[in-house]
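**Q** Have a look at this one.
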Amino acid sequence: MSMEKVFCALDNMTKDEVLSFIEKSNGKLKNIKVGMELYYAEGPKFLQELQENYDLKIFLDLKLHDIPNTVAKAISSLKDLPVHFLTIHTSGGTQMIKAAIESARKNLPSAKILGVSYLTSLAPHDLKEMWGIEESEIPKAFERFFKVGIEAGIDGFILSPLELNILSSVEKEMKANVLKVTPGIRFADEIASGQTQDQKRVLSPEEAIANGADYLVMGRSLSQANDLMARINEIESIH
Ligand code: C5P
């Protein structure tokens, strides 16, 4: 499997730590995911600096969620930044999704808009508490999110690998094909030894790809690897 399929999440890192991590990968890292913490701390200049110095695609994970006009304007403030993927909350609704896409096409033509559905940190009891969704209704609840997003013209979704089958069946039903980007990835040996940290629903890179993921988001398995190059070789040796 090519490293082109992997976005490495740079969480809990300072700018200097990010730069030294990128250097450590010897050019093998092709894509990175910059989250709110890094973007709020370092701002657009940092993205420009990354673009000037490295050949990396950037996934800007801002998880935008506000009224349509505000989201559209927020995206226009990112104008011409090197952004390959940008996230919004699908729960912002059809008008917000459409406004985000329209603004992205104008201001960030290289960016694809990915929808977040329910955050993986939410347990079934949270879904019940906030939206009255019973555990047995959870797959249907995801299905509704995917349908709303696709109907509004979204480019893809960021979703747990265990929700890939729900999205695939929605795609079939709607004759659609959207990008599927999955976090919640751990190497098989990490899963076997219980090193999944706060991720509850995880699959290995090969399983996620086999289940239909187009791209993987991998954070700590790479950023905290004892031997980063060995882990990169492991990904590259997956068929
Ligand atoms: O370290 P780890 O591989 O768990 O990092 C996963 C990354 O994916 C983090 O940046 C996390 O915020 C993000 N993410 C996630 N689940 C989602 C959406 C994003 O874990 N549903």
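Starting from 1 in every chain, residues are counted up; chains themselves are A, B, ... following the order of the structure tokens, and ligands are numbered from 1 as listed.
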Using DSSP secondary structure from the backbone, list all strand (DSSP E or B) positions within stretch 62-191 of chain A, as a list in words.
**A**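 Secondary structure check on stretch 62-191 of chain A, strand (DSSP E or B): Leu62, Lys63, Leu64, Phe85, Leu86, Thr87, Ile88, His89, Lys112, Ile113, Leu114, Gly115, Val116, Gly156, Phe157, Ile158, Leu179, Lys180, Val181, Thr182 and Ile185 of chain A.
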**Q** Any residue with an atom at most 8 Å from ligand 1 counts, using only C-alpha atoms and all ligand atoms. Which are they? Put them as a VMD selection string.
**A** chain A and resid 9 to 11 33 to 35 61 116 to 121 158 to 160 182 to 186 196 to 199 217 to 223
**Q** Could you dump the residues just selected with C-alpha atoms as a PDB file, in the first residue's frame?
**A**
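Output contents, as saved in selection_7.pdb:
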ATOM      1  CA  ALA A   9      -2.518  13.168  12.184  1.00  0.00           C
ATOM      2  CA  LEU A  10      -0.180  15.640  13.860  1.00  0.00           C
ATOM      3  CA  ASP A  11      -1.918  15.910  17.227  1.00  0.00           C
ATOM      4  CA  LYS A  33      -3.629  16.083   8.968  1.00  0.00           C
ATOM      5  CA  VAL A  34      -3.496  19.410  10.777  1.00  0.00           C
ATOM      6  CA  GLY A  35      -6.129  19.711  13.468  1.00  0.00           C
ATOM      7  CA  ASP A  61      -9.410  19.129  10.141  1.00  0.00           C
ATOM      8  CA  VAL A 116     -18.020  14.292  10.019  1.00  0.00           C
ATOM      9  CA  SER A 117     -21.026  12.324  11.258  1.00  0.00           C
ATOM     10  CA  TYR A 118     -21.245  11.372  14.934  1.00  0.00           C
ATOM     11  CA  LEU A 119     -17.903  11.827  16.650  1.00  0.00           C
ATOM     12  CA  THR A 120     -16.275   8.520  17.516  1.00  0.00           C
ATOM     13  CA  SER A 121     -15.941   9.748  21.085  1.00  0.00           C
ATOM     14  CA  ILE A 158     -14.559  10.909   7.616  1.00  0.00           C
ATOM     15  CA  LEU A 159     -15.888   7.884   9.422  1.00  0.00           C
ATOM     16  CA  SER A 160     -14.959   4.978  11.628  1.00  0.00           C
ATOM     17  CA  THR A 182     -11.122   6.525   8.111  1.00  0.00           C
ATOM     18  CA  PRO A 183      -9.360   7.255  11.399  1.00  0.00           C
ATOM     19  CA  GLY A 184      -9.458   4.634  14.148  1.00  0.00           C
ATOM     20  CA  ILE A 185      -6.578   2.680  12.632  1.00  0.00           C
ATOM     21  CA  ARG A 186      -4.048   0.632  14.578  1.00  0.00           C
ATOM     22  CA  THR A 196      -5.694   1.336  21.069  1.00  0.00           C
ATOM     23  CA  GLN A 197      -5.658   4.256  23.556  1.00  0.00           C
ATOM     24  CA  ASP A 198      -8.984   6.157  23.448  1.00  0.00           C
ATOM     25  CA  GLN A 199     -10.082   4.642  20.116  1.00  0.00           C
ATOM     26  CA  VAL A 217      -5.901   8.795   9.060  1.00  0.00           C
ATOM     27  CA  MET A 218      -3.212   7.456  11.355  1.00  0.00           C
ATOM     28  CA  GLY A 219      -2.073   9.410  14.381  1.00  0.00           C
ATOM     29  CA  ARG A 220      -0.266   7.936  17.338  1.00  0.00           C
ATOM     30  CA  SER A 221       0.608   4.660  15.585  1.00  0.00           C
ATOM     31  CA  LEU A 222       3.010   6.751  13.487  1.00  0.00           C
ATOM     32  CA  SER A 223       3.648   9.905  15.505  1.00  0.00           C
TER      33      SER A 223
END
**Q** Ranking A:Ile238, A:Ala104, A:Met13, A:Met3 by minimum distance to A:Lys57 and counting only C-alpha atoms, which one comes first?
**A**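 Distance minimum relative to A:Lys57 lands on A:Met3.
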**Q** One decimal, in Å: what's the spacing between atom CA of A:Leu179 and atom CA of A:Leu127?
**A**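 Separation of atom CA of A:Leu179 and atom CA of A:Leu127: 25.1 Å.
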**Q** May I have the residues within 9 Å of stretch 41-54 of chain A as a ChimeraX atom specification, using only C-alpha atoms and disregarding those fewer than 3 positions away in the same chain?
**A** /A:14-15,19,22,27,34,36-38,57-58,78,81-83
**Q** Which is closer to A:Pro124 than all the others in A:Ala141, A:Ile154, A:Ala176, A:Val202, using only C-alpha atoms?
**A** A:Ala141
